[in-house]
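Student: Can you keep this structure in mind? I'll have questions shortly.
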Amino acid sequence: MPRFSVIVPAYKVQAYLHESLDSVLSQSCPDVELIAVDDASPDACGSIIDEYAARDPRVTAVHLAHNLGLGPARNAGLARATGDYLLFLDGDDTLAPGALRAITDRLKATGSPDVLVYDYARAFWTGEVVRNRLADRLSEEGPASFRLADRPALLGMLMVVWNKAYRREYVEREGLEFPPGFYEDTPWTYPALLAAESVAVLDRVCVHYRQRRTGSILTTTSRRHLDVLDQYDRVFGWLAQRPELERWRPAVHRRMAEHFCALYADPRRLPRSGRAEFFARACALLRRHRPPGGTGVLPPAAGRTDRLRHTLMRLGARRTYGLASAARAAGLAAARAGSALWRGLRESALRAHYRIQRLLPLRPELAVFSAYWHGGYACNPAAVEAKLRELAPRMRTAWICDPRHAATLPPETTPLRPGSAAYWTALARATYLTTNVNFDRALVKRPGQVLLQTQHGTPLKRVGLDLQDRPAAAPTTDFEGLLRGADQWDFLLSSNRHSTLVWEKAVPASYTTLEYGYPRNDPFHRATRAEVLALRERLGIAPGSTAILYAPTHRDYRRSRPEHLDFERVLRDLGPRFTVLTRTHLTYAGTGPARDPHPRLLDVSSHPSVEELCLASDALVTDYSSLMFDYACLDRPIVIHADDWEAYEAARGTYFDLRSCPPGAVARTEDELVDIFATGHWRGSRSAQLRAAFRARFCSYDDGYAAERVVRRVFLGQQTPLPAVTPLEDRRPAPPAPPAAAEARTPLTAGLWP
């Protein structure tokens with residue numbers, strides 16, 4: 001008996017069905033049967049299902065003689081289900097990677113409840129993926145399982161069948177089945193939740209709910225939308241047979257009123273000829289099933305206008321309802337106009353404030369910093385800010401960041417909220433401005449102000465004006481604006497001669513290039529072994545484990561985040577002594593798919609310091625990320641996973657062929673990557689030779705004193721003496737963790753570590 005039966009009805013979804021079925025069969029939890037039901041679809045759905053059934057014994061193909069609709073098609077699948085739990089998935093939706101493993105673990109942790117409710121995300125045809133806005137109702141705090149009476153807010157979520165797992169014995173005991181018609185989920189989900197003796201939640205996106213541009217039931221104008229009336233009538237008929245659940249009548253009545261009003265307000269669903277009939281029948285239902293006392297139609301949390309509309313629909317006052325709806329729309333429009341007016345007045349006032357502040361004297365001891373478009377305390381600006389407070393304690397520093405990142409700031413620096421009056425005051429009055437990207441385009445640099453551009457990586461991929469013939473990489477770049485911003489730079493920081501030459505050609509302006517190294521890399525030469533071990537322990541890296549930091553860059557030629565590795569397979573093949581730290585590129589923050597929990601796979605995407613991750617790891621695996629140039633300062637193994645070099649180079653363009661002068665071994669496939677680590681080539685003599693050549697070329701100035709050189713030159717005005725650059729052969733990077741160091745001294749890699 002399988003753990004899960006996943007039932008997938010299919011009708012006119014041939015373009016999406018492969019992806020839907022694959023999303024089930026590719027789950028890392030193989031204990032599943034997939035029951036695919038061809039609802040007499042006129043397209044290729046039937047043959048697609050047969051193809052899957054022929055090659056995978058987990059697939060059961062069901063063909064209906066006539067098109068019956070989603071409800072009866074699901075019933076046909078139910079009749080063949082043998083799994084402990086039932087899941088439903090529409091033929092154009094998909095399970096998120098790792099969903100079944102997460103559901104399995106949660107069912108075990110919550111004592112096998114009757115119903116498990118999990119989250120979903122809407123996947124729009126534009127490529128945008130947006131999580132359910134009511135996800136906070138799935139908080140796993142509190143009792144592992146409960147009765148619905150303990151979490152009644154779950155009734156306010158989308159009442160669909162496919163965001164829940166149902167214990168099959170419970171479904172059979174309750175005799176749950178789907179009716180014909182549209183909105184067939186309604187008479188299933190309400191009884192399933194209301195009658196359950198135990199309910200649990202999983203705070204994780206397990207389903208991607210496809211929002212099709214055309215062809216969706218919800219965007220199809222049809223009289224069949226009147227079916228919702230019969231479906232709610234069925235729900236109340238069921239409630240009438242369960243007097244012990246009568247207390248739920250007011251809540252269900254409220255939800256019915258909300259649903260009716262929402263459907264009636266949607267111009268895409270009801271045809272004009274059916275609107276009067278819908279309103280009249282909705283009125284009759286709201287009256288017939290109104291709970292005693294008449295409170296059910298007035299949602300306590302609803303606004304006054306919503307309550308009025310619900311009441312007017314119950315009273316059958318269609319004309320008045322239309323006037324109320326029009327008044328509501330007009331009120332919303334007025335509110336939006338008022339909000340826009342307020343924003344305009346506020347922006348005008350701030351612009352005037354900024355102009356006035358620019359007339360006042362500069363503050364010679366104020367320095368303003370920013371990193372990554374108002375992100376937290378990070379990168380070169382953070383290292384410079386810290387060194388500035390050390391060498392010039394009289395200086396006051398302020399950091400521009402979104403309030404979400406304020407917790408990353410040290411207490412000695414003042415946070416500045418972007419766009420606030422304090423923000424514009426600081427930009428107008430500060431003598432020193434430092435960033436690794438760009439300041440606000442409205443910035444007017446004053447005489448006497450000093451702007452330091454630190455950048456945030458050695459350029460492998462093309463940048464600046466070199467992107468003019470790369471529309472895929474820079475479809476909206478304002479090159480004139482880019483140069484106007486560069487004209488305000490006084491200093492540009494460079495970590496090697498390659499960077500100097502690239503930036504001076506790609507972003508030509510009158511700045512002075514400082515070949516001082518990257519301050520953010522200073523800790524690579526200062527950290528002790530004890531600090532490295534403490535970092536590993538804090539991250540959860542098991543003692544003796546070889547930690548691989550996996551940090552790919554983004555792809556200009558793709559809108560969505562690419563998944564280059566099957567982590568479960570990689571970890572299985574590498575064995576128990578390897579741990580992978582995976583870090584998503586900033587571009588894809590918050591967009592990653594749900595993954596199976598794995599004790600040796602640590603998602604460090606939200607960790608505030610990539611430098612700490614580098615120090616804690618034993619090796620770096622990346623593709624074309626500039627992190628490789630920084631990591632090389634540590635003199636630890638680097639492996640390049642270049643599985644799409646041709647596509648990347650064609651879209652973005654690069655300054656040299658990384659494959660011809662890599663910092664270590666190069667893998668073109670996942671199999672090659674696994675083999676490099678399994679055979680020890682990642683830390684072999686050839687890899688050490690490649691890394692040495694790479695370090696000589698790109699780690700010229702990164703010796704642990706970059707921040708001091710910057711502060712003394714830019715902020716203290718010292719031309720000389722500045723700390724001299726330590727020769728490469730005399731540098732002593734932070735040592736790796738002892739187990740990795742011990743392995744590195746085996747004969748295979750003799751001489752790899754100093």
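Naming scheme: A, B, ... for chains in displayed order of the structure tokens; residues 1 onward per chain; ligands 1 onward as shown.
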Can you tell me, as an MDAnalysis selection string, what residues are no more than 12 Å from region 83-86 of chain A when counting only C-alpha atoms, ignoring any on the same chain fewer than 4 positions away?

Tutor: chainID A and resid 1:8 31:35 58 74:75 77:79 100 103:104 107 112:116 161:172 176

Student: Among region 181-211 of chain A, which ones does DSSP place in strand (DSSP E or B), written as a short mmCIF file (atom, residue, chain, number, x, y, z; two decimals) with all heavy atoms, in the first residue's frame?

Tutor:
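Okay, this is what ended up in result.cif:
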```
data_model
loop_
_atom_site.label_atom_id
_atom_site.label_comp_id
_atom_site.auth_asym_id
_atom_site.auth_seq_id
_atom_site.Cartn_x
_atom_site.Cartn_y
_atom_site.Cartn_z
N VAL A 199 -6.86 18.00 12.71
CA VAL A 199 -6.38 18.79 11.58
C VAL A 199 -4.97 19.27 11.92
O VAL A 199 -4.66 19.54 13.08
CB VAL A 199 -7.30 20.01 11.32
CG1 VAL A 199 -6.78 20.84 10.14
CG2 VAL A 199 -8.73 19.56 11.06
N ALA A 200 -4.11 19.34 10.92
CA ALA A 200 -2.76 19.88 11.11
C ALA A 200 -2.44 20.80 9.94
O ALA A 200 -3.13 20.79 8.90
CB ALA A 200 -1.73 18.76 11.22
N VAL A 201 -1.41 21.60 10.10
CA VAL A 201 -1.01 22.54 9.05
C VAL A 201 0.47 22.36 8.73
O VAL A 201 1.26 21.93 9.57
CB VAL A 201 -1.30 24.00 9.44
CG1 VAL A 201 -2.78 24.24 9.58
CG2 VAL A 201 -0.58 24.36 10.74
N LEU A 202 0.83 22.72 7.52
CA LEU A 202 2.22 22.70 7.06
C LEU A 202 2.51 24.05 6.44
O LEU A 202 1.93 24.42 5.41
CB LEU A 202 2.44 21.58 6.04
CG LEU A 202 3.79 21.54 5.31
CD1 LEU A 202 4.93 21.40 6.31
CD2 LEU A 202 3.81 20.40 4.30
N ASP A 203 3.39 24.80 7.06
CA ASP A 203 3.72 26.15 6.59
C ASP A 203 4.78 26.05 5.49
O ASP A 203 5.95 26.38 5.70
CB ASP A 203 4.23 26.99 7.76
CG ASP A 203 4.47 28.44 7.38
OD1 ASP A 203 4.09 28.83 6.27
OD2 ASP A 203 5.05 29.18 8.20
N ARG A 204 4.36 25.61 4.34
CA ARG A 204 5.28 25.41 3.23
C ARG A 204 4.50 25.35 1.93
O ARG A 204 3.42 24.76 1.86
CB ARG A 204 6.06 24.11 3.42
CG ARG A 204 6.99 23.75 2.27
CD ARG A 204 7.78 22.52 2.62
NE ARG A 204 8.58 22.07 1.50
CZ ARG A 204 9.80 21.58 1.61
NH1 ARG A 204 10.36 21.49 2.78
NH2 ARG A 204 10.47 21.16 0.56
N VAL A 205 5.02 25.97 0.89
CA VAL A 205 4.37 25.92 -0.43
C VAL A 205 4.59 24.54 -1.02
O VAL A 205 5.72 24.12 -1.28
CB VAL A 205 4.95 27.00 -1.37
CG1 VAL A 205 4.45 26.78 -2.79
CG2 VAL A 205 4.58 28.39 -0.87
N CYS A 206 3.49 23.82 -1.21
CA CYS A 206 3.56 22.47 -1.78
C CYS A 206 2.95 22.39 -3.18
O CYS A 206 3.16 21.40 -3.88
CB CYS A 206 2.87 21.47 -0.86
SG CYS A 206 3.72 21.23 0.71
N VAL A 207 2.17 23.40 -3.56
CA VAL A 207 1.51 23.38 -4.87
C VAL A 207 1.73 24.72 -5.56
O VAL A 207 1.62 25.78 -4.93
CB VAL A 207 0.00 23.12 -4.72
CG1 VAL A 207 -0.70 23.23 -6.08
CG2 VAL A 207 -0.26 21.75 -4.12
N HIS A 208 2.02 24.66 -6.84
CA HIS A 208 2.05 25.86 -7.67
C HIS A 208 0.76 25.88 -8.50
O HIS A 208 0.54 25.03 -9.36
CB HIS A 208 3.28 25.85 -8.58
CG HIS A 208 4.55 26.15 -7.85
ND1 HIS A 208 5.80 25.90 -8.37
CD2 HIS A 208 4.77 26.68 -6.62
CE1 HIS A 208 6.72 26.26 -7.50
NE2 HIS A 208 6.12 26.74 -6.43
N TYR A 209 -0.07 26.84 -8.17
CA TYR A 209 -1.41 26.99 -8.74
C TYR A 209 -1.30 27.86 -9.99
O TYR A 209 -1.16 29.07 -9.90
CB TYR A 209 -2.31 27.62 -7.67
CG TYR A 209 -3.72 27.97 -8.06
CD1 TYR A 209 -4.41 27.28 -9.05
CD2 TYR A 209 -4.37 29.02 -7.41
CE1 TYR A 209 -5.71 27.61 -9.38
CE2 TYR A 209 -5.68 29.37 -7.73
CZ TYR A 209 -6.34 28.66 -8.71
OH TYR A 209 -7.63 29.00 -9.05
N ARG A 210 -1.37 27.24 -11.15
CA ARG A 210 -1.14 27.95 -12.40
C ARG A 210 -2.26 28.94 -12.70
O ARG A 210 -3.44 28.59 -12.67
CB ARG A 210 -1.00 26.96 -13.56
CG ARG A 210 -0.52 27.61 -14.85
CD ARG A 210 -0.47 26.60 -15.99
NE ARG A 210 0.42 25.50 -15.71
CZ ARG A 210 1.72 25.50 -15.94
NH1 ARG A 210 2.29 26.56 -16.45
NH2 ARG A 210 2.46 24.43 -15.67
N GLN A 211 -1.87 30.17 -12.99
CA GLN A 211 -2.82 31.22 -13.38
C GLN A 211 -2.70 31.41 -14.90
O GLN A 211 -1.87 32.18 -15.38
CB GLN A 211 -2.51 32.52 -12.64
CG GLN A 211 -2.45 32.36 -11.13
CD GLN A 211 -3.79 32.01 -10.52
OE1 GLN A 211 -4.69 32.85 -10.45
NE2 GLN A 211 -3.94 30.77 -10.08
#
```

Student: Tell me, in Å to one decimal, how far CA of Arg137 (chain A) is from CA of Arg242 (chain A).

Tutor: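 So the two atoms, CA of Arg137 (chain A) and CA of Arg242 (chain A), lie 26.7 Å apart.
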
Student: Need the shell around Pro381 (chain A): protein/DNA/RNA residues with any atom at most 10 Å away, counting only C-alpha atoms. Skip same-chain ones fewer than 4 positions apart. Format as a VMD selection string?

Tutor: chain A and resid 368 to 372 377 385 to 387 399 433 to 436 452 to 456 518 to 520 707

Student: As a VMD selection string, please: all residues of region 290-460 of chain A that backbone DSSP puts in alpha helix (DSSP H).

Tutor: chain A and resid 304 to 315 318 to 358 379 to 391 421 to 429

Student: Could you check the closest approach to Gln449 (chain A) for each of A:Pro364, A:Gly517, A:Pro599, A:Gly331 and tell me which residue wins, using only C-alpha atoms?

Tutor: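 Of the candidates, the smallest distance to Gln449 (chain A) is held by A:Pro364.
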
Student: Choose the residue, out of A:Ala337, A:Leu155, A:Cys614, A:Leu658, that has the smallest atom-to-atom separation from Val532 (chain A); count only C-alpha atoms.

Tutor: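 So, comparing all the options, the nearest one is A:Cys614.
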
Student: Can you list, as a PyMOL selection string, every protein, DNA or RNA residue that comes within 12 Å of Asn67 (chain A) when you count only C-alpha atoms, leaving out same-chain residues fewer than 6 positions away?

Tutor: chain A and resi 9-12+37-42+73+180-181

Student: One decimal, in Å: what's the spacing between CA of His259 (chain A) and CA of Glu141 (chain A)?

Tutor: 29.2 Å

Student: Closest to Met395 (chain A) among A:Arg538, A:His353, A:Arg363, A:Arg636, using only C-alpha atoms?

Tutor: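 Result for the nearest residue to Met395 (chain A): A:Arg363.
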
Student: Give me the residues near Glu246 (chain A) as a ChimeraX atom specification, where near means some atom within 12 Å (using only C-alpha atoms) and where sequence neighbours in that chain fewer than 5 positions away do not count.

Tutor: /A:191,194-195,235-241,251-253,289-292

Student: Which value, in Å to one decimal, gives the distance between CA of Gly448 (chain A) and CA of Val384 (chain A)?

Tutor: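 If I compute the distance from CA of Gly448 (chain A) to CA of Val384 (chain A), I get 20.0 Å.
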